[in-house]
>>> print(open('model00.cif').read())   # mmCIF, C-alpha atoms
data_structure
loop_
_atom_site.label_atom_id
_atom_site.label_comp_id
_atom_site.auth_asym_id
_atom_site.auth_seq_id
_atom_site.Cartn_x
_atom_site.Cartn_y
_atom_site.Cartn_z
CA ASN A 1 115.32 94.23 171.05
CA ASN A 2 113.61 94.69 167.67
CA TYR A 3 110.22 93.99 169.25
CA LEU A 4 110.54 97.31 171.12
CA SER A 5 111.25 99.31 168.02
CA ASN A 6 107.59 99.40 167.05
CA THR A 7 105.78 102.20 168.89
CA ASN A 8 102.50 100.34 169.24
CA THR A 9 104.25 97.24 170.51
CA ALA A 10 106.24 99.25 173.02
CA LYS A 11 103.04 100.93 174.20
CA ASN A 12 101.37 97.56 174.75
CA MET A 13 104.43 96.24 176.57
CA ALA A 14 103.53 98.55 179.44
CA ALA A 15 100.53 96.32 180.17
CA PHE A 16 102.75 93.23 180.40
CA SER A 17 103.66 92.23 183.94
CA TYR A 18 107.34 91.47 184.36
CA SER A 19 106.67 90.44 187.96
CA ALA A 20 104.17 87.74 186.98
CA PRO A 21 105.02 84.21 188.18
CA ARG A 22 107.22 82.39 185.70
CA PHE A 23 107.67 78.71 184.96
CA THR A 24 110.36 77.83 182.42
CA GLU A 25 110.56 74.86 180.08
CA GLU A 26 113.34 73.51 182.31
CA ASP A 27 111.05 73.88 185.33
CA LEU A 28 108.41 71.94 183.40
CA LYS A 29 110.83 69.11 182.61
CA GLN A 30 111.84 68.86 186.26
CA GLU A 31 108.22 68.91 187.43
CA ILE A 32 107.32 66.06 185.08
CA GLN A 33 110.37 64.07 186.17
CA SER A 34 109.22 64.43 189.79
CA LEU A 35 106.05 62.51 188.98
CA SER A 36 105.82 58.78 189.49
CA ILE A 37 106.40 56.42 186.57
CA GLU A 38 102.69 55.53 186.61
CA GLU A 39 101.69 59.20 186.47
CA ARG A 40 104.06 59.90 183.59
CA GLU A 41 102.83 56.88 181.65
CA LEU A 42 99.19 57.93 182.13
CA ILE A 43 99.96 61.49 180.96
CA ASP A 44 101.81 60.15 177.91
CA ARG A 45 98.83 57.96 177.02
CA GLU A 46 96.44 60.89 177.38
CA LEU A 47 98.65 63.14 175.27
CA LYS A 48 98.84 60.55 172.50
CA GLY A 49 95.24 59.38 172.75
CA SER A 50 95.96 55.81 173.83
CA ASP A 51 94.36 56.08 177.28
CA VAL A 52 91.57 53.65 178.08
CA ILE A 53 87.95 54.84 177.97
CA ASN A 54 86.07 53.03 180.71
CA GLU A 55 82.87 51.25 179.74
CA GLU A 56 79.80 52.57 181.52
CA ASP A 57 77.51 50.37 183.57
CA GLU A 58 74.12 51.43 182.27
CA ASP A 59 72.27 49.56 185.03
CA GLY A 60 74.39 51.02 187.82
CA LYS A 61 74.19 54.70 186.88
CA GLU A 62 71.11 55.46 188.93
CA SER A 63 72.77 54.44 192.19
CA PHE A 64 75.48 57.06 191.66
CA PHE A 65 72.88 59.83 191.31
CA GLY A 66 71.76 59.28 194.87
CA ARG A 67 75.37 59.38 196.04
CA ILE A 68 75.94 62.74 194.34
CA GLU A 69 72.87 64.15 196.06
CA GLU A 70 74.23 62.94 199.39
CA GLU A 71 77.62 64.55 198.66
CA LEU A 72 75.97 67.82 197.63
CA GLU A 73 74.17 67.91 200.96
CA GLN A 74 77.53 67.68 202.72
CA ILE A 75 78.95 70.75 200.96
CA PRO A 76 78.52 73.89 203.14
CA LEU A 77 75.96 76.35 201.77
CA GLU A 78 78.51 79.15 201.42
CA GLU A 79 80.58 76.95 199.11
CA LYS A 80 77.71 76.19 196.72
CA THR A 81 75.92 79.54 196.53
CA GLU A 82 75.82 79.70 192.73
CA TYR A 83 74.57 76.12 192.42
CA GLU A 84 71.76 76.81 194.89
CA GLU A 85 70.84 79.96 192.96
CA ALA A 86 70.70 77.95 189.75
CA LEU A 87 68.32 75.46 191.38
CA ILE A 88 66.04 78.38 192.30
CA HIS A 89 66.22 80.43 189.09
CA ALA A 90 66.72 77.77 186.43
CA PRO A 91 66.14 74.23 187.73
CA GLU A 92 65.52 72.97 184.20
CA LEU A 93 68.99 74.17 183.13
CA VAL A 94 70.62 72.44 186.08
CA GLU A 95 69.15 69.22 184.75
CA SER A 96 69.69 69.77 181.03
CA GLU A 97 73.04 71.61 181.01
CA SER A 98 74.76 70.16 184.08
CA SER A 99 73.37 66.69 184.51
CA PHE A 100 74.90 64.40 187.11
CA ILE A 101 76.03 61.86 184.54
CA GLU A 102 78.34 64.34 182.78
CA PHE A 103 80.26 65.07 185.97
CA LEU A 104 80.36 61.40 186.92
CA ARG A 105 81.97 60.61 183.57
CA LYS A 106 84.62 63.27 184.05
CA GLN A 107 85.40 62.15 187.59
CA ASN A 108 85.42 58.43 186.75
CA TYR A 109 82.29 57.85 188.84
CA ASP A 110 83.73 59.37 192.02
CA ALA A 111 80.51 60.82 193.49
CA ARG A 112 82.25 63.20 195.88
CA ALA A 113 84.52 64.61 193.17
CA ALA A 114 81.55 64.86 190.77
CA ALA A 115 79.51 66.83 193.33
CA ARG A 116 82.40 69.25 193.90
CA ASN A 117 82.87 69.54 190.15
CA LEU A 118 79.18 70.36 189.66
CA VAL A 119 79.31 73.11 192.27
CA SER A 120 82.48 74.53 190.68
CA TYR A 121 80.83 74.51 187.26
CA TRP A 122 78.06 76.85 188.40
CA ALA A 123 80.59 79.04 190.21
CA ILE A 124 82.64 79.62 187.05
CA ARG A 125 79.48 79.99 184.93
CA VAL A 126 78.26 82.82 187.17
CA LYS A 127 81.74 84.35 187.27
CA VAL A 128 81.96 84.46 183.46
CA PHE A 129 78.37 85.43 182.61
CA GLY A 130 77.22 87.29 185.69
CA ARG A 131 73.94 86.56 187.44
CA ASP A 132 71.93 88.31 184.73
CA ARG A 133 72.91 85.77 182.06
CA ALA A 134 74.32 82.72 183.83
CA PHE A 135 70.83 81.32 184.37
CA LEU A 136 69.77 81.71 180.73
CA PRO A 137 70.05 78.76 178.31
CA MET A 138 73.60 78.37 176.95
CA THR A 139 72.53 79.22 173.41
CA LEU A 140 73.20 81.91 170.82
CA ARG A 141 69.85 83.53 171.63
CA GLY A 142 70.20 82.99 175.35
CA ALA A 143 73.37 83.57 177.35
CA MET A 144 75.33 84.46 174.19
CA GLN A 145 72.88 86.99 172.78
CA ASP A 146 75.23 89.99 173.24
CA ASP A 147 78.48 88.29 172.22
CA PHE A 148 77.77 87.13 168.69
CA ASP A 149 80.24 89.63 167.19
CA ALA A 150 83.18 88.27 169.19
CA LEU A 151 82.12 84.68 168.50
CA SER A 152 81.88 85.34 164.76
CA THR A 153 85.60 86.27 164.57
CA GLY A 154 86.36 82.58 164.90
CA PHE A 155 89.15 83.20 167.40
CA PHE A 156 88.10 80.04 169.27
CA GLN A 157 86.67 77.14 167.31
CA ILE A 158 85.93 73.42 167.27
CA LEU A 159 87.89 71.94 164.37
CA GLY A 160 86.33 68.51 164.25
CA THR A 161 88.03 65.59 166.00
CA ASP A 162 91.49 64.06 165.96
CA SER A 163 92.26 60.48 164.93
CA HIS A 164 91.25 59.30 168.43
CA GLY A 165 87.84 60.96 168.36
CA ARG A 166 88.77 63.84 170.67
CA ALA A 167 87.50 67.33 169.92
CA ILE A 168 90.12 69.73 168.58
CA LEU A 169 89.71 73.15 170.21
CA PHE A 170 91.70 75.75 168.29
CA GLN A 171 92.51 79.26 169.40
CA GLU A 172 93.96 82.12 167.40
CA LYS A 173 93.34 85.01 169.74
CA ALA A 174 94.77 87.58 167.35
CA ARG A 175 91.60 87.25 165.25
CA ALA A 176 89.71 89.10 167.98
CA ASN A 177 90.16 92.86 168.20
CA PRO A 178 91.04 93.83 171.80
CA GLN A 179 89.63 97.32 171.21
CA HIS A 180 86.18 95.93 170.44
CA HIS A 181 86.13 92.43 171.91
CA HIS A 182 86.84 92.71 175.60
CA ARG A 183 88.05 89.93 177.87
CA SER A 184 84.59 89.37 179.34
CA SER A 185 83.10 88.75 175.90
CA LEU A 186 85.94 86.48 174.78
CA LEU A 187 85.61 84.37 177.91
CA LYS A 188 81.89 83.92 177.28
CA CYS A 189 82.75 82.68 173.78
CA VAL A 190 85.25 80.15 175.12
CA PHE A 191 82.73 78.91 177.71
CA TYR A 192 80.08 78.55 175.00
CA ILE A 193 82.34 76.63 172.60
CA ILE A 194 83.38 74.26 175.39
CA HIS A 195 79.69 73.80 176.21
CA VAL A 196 78.92 72.92 172.58
CA ALA A 197 81.83 70.45 172.44
CA THR A 198 80.87 68.69 175.66
CA SER A 199 77.23 68.40 174.59
CA ASP A 200 78.48 65.54 172.41
CA LEU A 201 78.37 62.21 174.27
CA GLU A 202 81.53 60.92 172.58
CA ILE A 203 83.46 64.07 173.52
CA GLN A 204 82.29 63.71 177.11
CA LYS A 205 83.89 60.26 177.12
CA LYS A 206 86.99 60.87 174.99
CA GLY A 207 87.79 64.47 175.86
CA ALA A 208 89.46 67.21 173.84
CA VAL A 209 92.82 68.59 172.83
CA PHE A 210 93.67 72.27 172.69
CA ILE A 211 95.88 73.92 170.07
CA ASN A 212 96.95 77.47 170.71
CA ASN A 213 98.22 79.22 167.59
CA SER A 214 100.60 81.83 168.95
CA SER A 215 102.42 82.50 165.69
CA THR A 216 100.39 85.66 165.15
CA THR A 217 100.43 86.75 168.79
CA THR A 218 101.46 90.25 169.77
CA ILE A 219 101.84 91.62 173.27
CA LYS A 220 98.35 93.15 173.14
CA ASP A 221 96.85 89.68 172.61
CA PHE A 222 98.37 88.22 175.77
CA ASP A 223 96.18 88.34 178.86
CA ARG A 224 97.25 86.40 181.93
CA LEU A 225 93.82 86.56 183.59
CA TYR A 226 92.13 85.42 180.37
CA THR A 227 94.46 82.40 180.16
CA LYS A 228 93.91 81.49 183.80
CA THR A 229 90.12 81.78 183.51
CA CYS A 230 90.10 79.64 180.36
CA GLU A 231 91.95 76.94 182.25
CA SER A 232 89.49 77.26 185.13
CA MET A 233 86.64 76.67 182.70
CA ALA A 234 88.32 73.51 181.45
CA THR A 235 88.90 72.35 185.03
CA MET A 236 85.51 73.23 186.52
CA GLY A 237 83.29 72.04 183.69
CA THR A 238 82.80 68.59 182.19
CA LEU A 239 85.58 68.90 179.61
CA GLN A 240 88.39 66.36 179.88
CA LEU A 241 91.38 68.24 178.47
CA LYS A 242 93.84 65.58 177.38
CA ALA A 243 96.53 67.69 175.69
CA TRP A 244 97.52 71.34 175.37
CA HIS A 245 99.66 72.04 172.30
CA ILE A 246 101.71 75.25 172.23
CA PRO A 247 104.23 76.26 169.52
CA ASN A 248 107.76 76.90 170.73
CA GLY A 249 107.55 80.57 169.76
CA ARG A 250 110.22 80.91 167.08
CA SER A 251 107.74 82.60 164.78
CA TRP A 252 105.95 84.64 167.44
CA LEU A 253 105.80 88.40 166.94
CA ILE A 254 107.00 88.72 170.52
CA PRO A 255 109.79 86.74 172.17
CA SER A 256 108.70 83.39 173.62
CA SER A 257 111.12 84.01 176.47
CA LEU A 258 108.55 86.54 177.74
CA ILE A 259 105.23 84.86 177.10
CA LEU A 260 105.76 81.11 177.47
CA PRO A 261 107.09 81.17 181.08
CA VAL A 262 104.18 83.40 182.14
CA THR A 263 101.69 81.12 180.38
CA LEU A 264 103.14 78.08 182.13
CA GLY A 265 103.10 80.02 185.40
CA VAL A 266 99.32 80.52 185.41
CA ILE A 267 98.39 77.00 184.32
CA SER A 268 97.79 74.35 187.00
CA LYS A 269 100.23 71.50 187.55
CA LYS A 270 97.72 69.00 186.12
CA HIS A 271 97.43 70.79 182.79
CA ARG A 272 101.09 71.84 182.66
CA ALA A 273 101.99 68.15 182.63
CA ARG A 274 99.81 67.73 179.54
CA ILE A 275 101.46 70.52 177.58
CA ASN A 276 103.30 69.66 174.39
CA ILE A 277 105.59 72.42 173.12
CA TYR A 278 106.09 71.72 169.43
CA SER A 279 108.37 73.16 166.76
CA SER A 280 106.40 72.18 163.65
CA VAL A 281 102.83 71.07 162.98
CA GLU A 282 104.16 67.79 161.58
CA GLU A 283 105.09 66.83 165.15
CA LEU A 284 101.40 66.87 166.10
CA GLU A 285 100.85 63.68 164.09
CA ASP A 286 102.44 61.77 166.99
CA TYR A 287 99.52 63.01 169.10
CA GLY A 288 96.73 62.01 166.75
CA ILE A 289 96.42 65.32 164.89
CA LEU A 290 97.13 64.69 161.22
CA LEU A 291 98.77 67.24 158.98
CA THR A 292 95.79 67.08 156.62
CA ASP A 293 93.58 68.07 159.57
CA ILE A 294 95.85 71.03 160.32
CA LEU A 295 95.80 72.21 156.69
CA SER A 296 92.02 71.83 156.61
CA ALA A 297 91.77 73.70 159.90
CA LYS A 298 93.96 76.50 158.59
CA SER A 299 91.66 76.84 155.59
CA GLN A 300 88.60 76.89 157.85
CA ILE A 301 90.08 79.43 160.25
CA GLN A 302 90.96 81.82 157.46
CA ASN A 303 87.54 81.48 155.82
CA ASP A 304 85.03 83.80 157.47
CA ASP A 305 82.23 82.22 155.41
CA MET A 306 82.89 78.84 157.04
CA VAL A 307 82.73 80.40 160.50
CA GLU A 308 79.44 82.06 159.58
CA LYS A 309 78.10 78.75 158.24
CA TRP A 310 79.00 76.98 161.49
CA LEU A 311 77.15 79.64 163.47
CA ASP A 312 74.10 79.37 161.20
CA ASP A 313 74.10 75.58 161.53
CA GLN A 314 74.51 75.84 165.30
CA ALA A 315 71.61 78.28 165.54
CA GLN A 316 69.46 75.83 163.58
CA ARG A 317 70.46 72.94 165.88
CA GLU A 318 69.53 75.01 168.91
CA ARG A 319 66.11 75.87 167.43
CA GLU A 320 65.43 72.16 166.92
CA ILE A 321 66.17 71.24 170.55
#
>>> encode(input="model00.cif", output="structure tokens")
Amino acid sequence: NNYLSNTNTAKNMAAFSYSAPRFTEEDLKQEIQSLSIEERELIDRELKGSDVINEEDEDGKESFFGRIEEELEQIPLEEKTEYEEALIHAPELVESESSFIEFLRKQNYDARAAARNLVSYWAIRVKVFGRDRAFLPMTLRGAMQDDFDALSTGFFQILGTDSHGRAILFQEKARANPQHHHRSSLLKCVFYIIHVATSDLEIQKKGAVFINNSSTTTIKDFDRLYTKTCESMATMGTLQLKAWHIPNGRSWLIPSSLILPVTLGVISKKHRARINIYSSVEELEDYGILLTDILSAKSQIQNDDMVEKWLDDQAQREREI
């Protein structure tokens, strides 16, 4: 019990819920085994980046737009409140930041699923930003105007793409200071970074992988509600999350026997099946993430100047739009 010997750690342990739902690695193995062979093969292809990207029918897109509108009409008003508010307060943003085509791509041109996805997107956007900022442009000077400090820590970043062209979303939550950067601000940063990633047409089609660096995690960095809301953002938006890489915890500053089962417990079955628990970064090469990319990412993460440069470049891109 060395992790309890530190006074600060012990103090933070009081905030950790021992009654939180748990899902062990053995539970995960059994859950995956319960899937059909076809489901397991699809998940394996998505994890390793060998899944097929469907070609789009440019001439047939327009017909799907009408179908989405029909499906939206069928959704009860009380289930699409935030979407209706967005149409009233920011109709131009509904078109530019949540266009039909993005949700059709994610849902493989299932109009009903795309309509539900669109409604869910505006629900989570309002939940994260509140009604005072949810209907502002998703830019550094718009919805993110009060959260630049948290964003500039680089705790959540886009680290280029893997060998399959999928965005690499990297999180090192310990870079944010929980005394100054509250959950609400961190969630806005995650939403914004996902928005930036999915603004790229190729990422809309190929998706993204998530790497969570927990090697520097302490008990004060773990937040069950934060984790659950992040997953909701990935589910309700246009991001196609293909893989979720988590280290096995041997180097964590807190025992993985505490944190990993709780993390698995708050993640949905769909994303749990796409979790890869790895022991060394070299193992990630089997999933399209090269060691050279990891070393480059590590250098970028630890370089505050590079984070600042990315923000400056992003601000310039937004001014040019």
>>> residues_around(input="model00.cif", residues="A:Tyr287", least_positions_apart="3", cutoff="10 Å", atoms="only C-alpha atoms", output="PDB file with C-alpha atoms, keeping the file's coordinate frame")
ATOM      1  CA  ASP A  44     101.810  60.150 177.910  1.00  0.00           C
ATOM      2  CA  ARG A  45      98.830  57.960 177.020  1.00  0.00           C
ATOM      3  CA  GLU A  46      96.440  60.890 177.380  1.00  0.00           C
ATOM      4  CA  LEU A  47      98.650  63.140 175.270  1.00  0.00           C
ATOM      5  CA  LYS A  48      98.840  60.550 172.500  1.00  0.00           C
ATOM      6  CA  GLY A  49      95.240  59.380 172.750  1.00  0.00           C
ATOM      7  CA  SER A  50      95.960  55.810 173.830  1.00  0.00           C
ATOM      8  CA  ASP A 162      91.490  64.060 165.960  1.00  0.00           C
ATOM      9  CA  SER A 163      92.260  60.480 164.930  1.00  0.00           C
ATOM     10  CA  HIS A 164      91.250  59.300 168.430  1.00  0.00           C
ATOM     11  CA  VAL A 209      92.820  68.590 172.830  1.00  0.00           C
ATOM     12  CA  ALA A 243      96.530  67.690 175.690  1.00  0.00           C
ATOM     13  CA  HIS A 245      99.660  72.040 172.300  1.00  0.00           C
ATOM     14  CA  ASN A 276     103.300  69.660 174.390  1.00  0.00           C
ATOM     15  CA  GLU A 283     105.090  66.830 165.150  1.00  0.00           C
ATOM     16  CA  LEU A 284     101.400  66.870 166.100  1.00  0.00           C
ATOM     17  CA  LEU A 290      97.130  64.690 161.220  1.00  0.00           C
TER      18      LEU A 290
END
>>> atom_distance(input="model00.cif", atom1="atom CA of A:Lys205", atom2="atom CA of A:Glu56")
9.8 Å
>>> residues_around(input="model00.cif", residues="A:Ile43", least_positions_apart="4", cutoff="8 Å", atoms="only C-alpha atoms", output="PyMOL selection string")
chain A and resi 39+47+273-274
>>> closest_residue(input="model00.cif", among="A:Asn213, A:Phe148, A:Asn54, A:Leu225", to="A:Arg183", atoms="all atoms listed in the file")
A:Leu225
>>> residues_around(input="model00.cif", residues="A:Ala114", least_positions_apart="3", cutoff="7 Å", atoms="only C-alpha atoms", output="list of chain:residue names")
A:Ile68, A:Phe103, A:Leu104, A:Gln107, A:Asp110, A:Ala111, A:Asn117, A:Leu118
>>> resolve_selection(input="model00.cif", expression="the PyMOL selection byres ((chain A and resi 172-179) around 7)", output="PyMOL selection string")
chain A and resi 150+153+155-156+170-171+180-182+212-214+216-217+221
>>> atom_distance(input="model00.cif", atom1="atom CA of A:Lys80", atom2="atom CA of A:Arg116")
8.8 Å
>>> atom_distance(input="model00.cif", atom1="atom CA of A:Glu97", atom2="atom CA of A:Gly154")
23.6 Å
>>> build_atoms(input="model00.cif", residues="stretch 170-181 of chain A", atoms="all heavy atoms", output="PDB file, in the coordinates of the input")
ATOM      1  N   PHE A 170      90.624  74.948 168.880  1.00  0.00           N
ATOM      2  CA  PHE A 170      91.700  75.750 168.290  1.00  0.00           C
ATOM      3  C   PHE A 170      91.508  77.215 168.629  1.00  0.00           C
ATOM      4  O   PHE A 170      90.417  77.758 168.473  1.00  0.00           O
ATOM      5  CB  PHE A 170      91.712  75.562 166.769  1.00  0.00           C
ATOM      6  CG  PHE A 170      92.907  76.177 166.089  1.00  0.00           C
ATOM      7  CD1 PHE A 170      94.025  75.411 165.811  1.00  0.00           C
ATOM      8  CD2 PHE A 170      92.906  77.514 165.740  1.00  0.00           C
ATOM      9  CE1 PHE A 170      95.134  75.977 165.187  1.00  0.00           C
ATOM     10  CE2 PHE A 170      94.003  78.090 165.122  1.00  0.00           C
ATOM     11  CZ  PHE A 170      95.126  77.323 164.841  1.00  0.00           C
ATOM     12  N   GLN A 171      92.578  77.836 169.070  1.00  0.00           N
ATOM     13  CA  GLN A 171      92.510  79.260 169.400  1.00  0.00           C
ATOM     14  C   GLN A 171      93.543  80.051 168.605  1.00  0.00           C
ATOM     15  O   GLN A 171      94.719  79.687 168.538  1.00  0.00           O
ATOM     16  CB  GLN A 171      92.770  79.494 170.887  1.00  0.00           C
ATOM     17  CG  GLN A 171      92.854  80.986 171.248  1.00  0.00           C
ATOM     18  CD  GLN A 171      93.003  81.239 172.722  1.00  0.00           C
ATOM     19  OE1 GLN A 171      92.020  81.399 173.418  1.00  0.00           O
ATOM     20  NE2 GLN A 171      94.238  81.256 173.214  1.00  0.00           N
ATOM     21  N   GLU A 172      93.083  81.128 167.991  1.00  0.00           N
ATOM     22  CA  GLU A 172      93.960  82.120 167.400  1.00  0.00           C
ATOM     23  C   GLU A 172      93.446  83.483 167.875  1.00  0.00           C
ATOM     24  O   GLU A 172      92.648  84.136 167.224  1.00  0.00           O
ATOM     25  CB  GLU A 172      93.959  82.046 165.873  1.00  0.00           C
ATOM     26  CG  GLU A 172      94.982  82.978 165.251  1.00  0.00           C
ATOM     27  CD  GLU A 172      95.151  82.749 163.758  1.00  0.00           C
ATOM     28  OE1 GLU A 172      94.724  81.698 163.250  1.00  0.00           O
ATOM     29  OE2 GLU A 172      95.722  83.634 163.110  1.00  0.00           O
ATOM     30  N   LYS A 173      93.913  83.862 169.052  1.00  0.00           N
ATOM     31  CA  LYS A 173      93.340  85.010 169.740  1.00  0.00           C
ATOM     32  C   LYS A 173      93.525  86.328 168.978  1.00  0.00           C
ATOM     33  O   LYS A 173      92.761  87.271 169.160  1.00  0.00           O
ATOM     34  CB  LYS A 173      93.964  85.133 171.141  1.00  0.00           C
ATOM     35  CG  LYS A 173      93.195  86.034 172.096  1.00  0.00           C
ATOM     36  CD  LYS A 173      93.585  85.739 173.534  1.00  0.00           C
ATOM     37  CE  LYS A 173      92.871  86.691 174.484  1.00  0.00           C
ATOM     38  NZ  LYS A 173      93.548  87.993 174.568  1.00  0.00           N
ATOM     39  N   ALA A 174      94.522  86.356 168.113  1.00  0.00           N
ATOM     40  CA  ALA A 174      94.770  87.580 167.350  1.00  0.00           C
ATOM     41  C   ALA A 174      93.627  87.924 166.401  1.00  0.00           C
ATOM     42  O   ALA A 174      93.525  89.060 165.933  1.00  0.00           O
ATOM     43  CB  ALA A 174      96.077  87.445 166.556  1.00  0.00           C
ATOM     44  N   ARG A 175      92.750  86.965 166.124  1.00  0.00           N
ATOM     45  CA  ARG A 175      91.600  87.250 165.250  1.00  0.00           C
ATOM     46  C   ARG A 175      90.586  88.166 165.927  1.00  0.00           C
ATOM     47  O   ARG A 175      89.797  88.825 165.260  1.00  0.00           O
ATOM     48  CB  ARG A 175      90.912  85.939 164.845  1.00  0.00           C
ATOM     49  CG  ARG A 175      91.708  85.104 163.860  1.00  0.00           C
ATOM     50  CD  ARG A 175      90.955  83.834 163.488  1.00  0.00           C
ATOM     51  NE  ARG A 175      89.691  84.118 162.825  1.00  0.00           N
ATOM     52  CZ  ARG A 175      89.548  84.307 161.507  1.00  0.00           C
ATOM     53  NH1 ARG A 175      90.610  84.261 160.717  1.00  0.00           N
ATOM     54  NH2 ARG A 175      88.369  84.546 160.994  1.00  0.00           N
ATOM     55  N   ALA A 176      90.606  88.194 167.248  1.00  0.00           N
ATOM     56  CA  ALA A 176      89.710  89.100 167.980  1.00  0.00           C
ATOM     57  C   ALA A 176      90.405  90.448 168.136  1.00  0.00           C
ATOM     58  O   ALA A 176      91.621  90.523 168.312  1.00  0.00           O
ATOM     59  CB  ALA A 176      89.368  88.528 169.343  1.00  0.00           C
ATOM     60  N   ASN A 177      89.625  91.516 168.065  1.00  0.00           N
ATOM     61  CA  ASN A 177      90.160  92.860 168.200  1.00  0.00           C
ATOM     62  C   ASN A 177      90.022  93.313 169.646  1.00  0.00           C
ATOM     63  O   ASN A 177      88.898  93.508 170.129  1.00  0.00           O
ATOM     64  CB  ASN A 177      89.399  93.818 167.268  1.00  0.00           C
ATOM     65  CG  ASN A 177      90.000  95.210 167.251  1.00  0.00           C
ATOM     66  OD1 ASN A 177      90.650  95.649 168.209  1.00  0.00           O
ATOM     67  ND2 ASN A 177      89.788  95.945 166.156  1.00  0.00           N
ATOM     68  N   PRO A 178      91.137  93.471 170.377  1.00  0.00           N
ATOM     69  CA  PRO A 178      91.040  93.830 171.800  1.00  0.00           C
ATOM     70  C   PRO A 178      90.369  95.179 172.054  1.00  0.00           C
ATOM     71  O   PRO A 178      89.895  95.439 173.162  1.00  0.00           O
ATOM     72  CB  PRO A 178      92.506  93.840 172.261  1.00  0.00           C
ATOM     73  CG  PRO A 178      93.298  94.041 171.009  1.00  0.00           C
ATOM     74  CD  PRO A 178      92.526  93.357 169.927  1.00  0.00           C
ATOM     75  N   GLN A 179      90.296  96.030 171.035  1.00  0.00           N
ATOM     76  CA  GLN A 179      89.630  97.320 171.210  1.00  0.00           C
ATOM     77  C   GLN A 179      88.112  97.180 171.191  1.00  0.00           C
ATOM     78  O   GLN A 179      87.398  98.021 171.731  1.00  0.00           O
ATOM     79  CB  GLN A 179      90.079  98.294 170.119  1.00  0.00           C
ATOM     80  CG  GLN A 179      91.548  98.699 170.230  1.00  0.00           C
ATOM     81  CD  GLN A 179      91.935  99.716 169.172  1.00  0.00           C
ATOM     82  OE1 GLN A 179      91.296  99.818 168.119  1.00  0.00           O
ATOM     83  NE2 GLN A 179      92.978 100.473 169.440  1.00  0.00           N
ATOM     84  N   HIS A 180      87.615  96.122 170.567  1.00  0.00           N
ATOM     85  CA  HIS A 180      86.180  95.930 170.440  1.00  0.00           C
ATOM     86  C   HIS A 180      85.668  94.686 171.180  1.00  0.00           C
ATOM     87  O   HIS A 180      84.517  94.649 171.610  1.00  0.00           O
ATOM     88  CB  HIS A 180      85.789  95.811 168.959  1.00  0.00           C
ATOM     89  CG  HIS A 180      86.184  96.995 168.143  1.00  0.00           C
ATOM     90  ND1 HIS A 180      85.628  98.248 168.318  1.00  0.00           N
ATOM     91  CD2 HIS A 180      87.095  97.133 167.145  1.00  0.00           C
ATOM     92  CE1 HIS A 180      86.173  99.101 167.464  1.00  0.00           C
ATOM     93  NE2 HIS A 180      87.062  98.446 166.736  1.00  0.00           N
ATOM     94  N   HIS A 181      86.531  93.687 171.280  1.00  0.00           N
ATOM     95  CA  HIS A 181      86.130  92.430 171.910  1.00  0.00           C
ATOM     96  C   HIS A 181      86.868  92.304 173.239  1.00  0.00           C
ATOM     97  O   HIS A 181      88.018  91.874 173.277  1.00  0.00           O
ATOM     98  CB  HIS A 181      86.448  91.247 170.994  1.00  0.00           C
ATOM     99  CG  HIS A 181      85.916  91.410 169.610  1.00  0.00           C
ATOM    100  ND1 HIS A 181      86.695  91.349 168.478  1.00  0.00           N
ATOM    101  CD2 HIS A 181      84.653  91.661 169.177  1.00  0.00           C
ATOM    102  CE1 HIS A 181      85.955  91.537 167.402  1.00  0.00           C
ATOM    103  NE2 HIS A 181      84.704  91.727 167.810  1.00  0.00           N
TER     104      HIS A 181
END
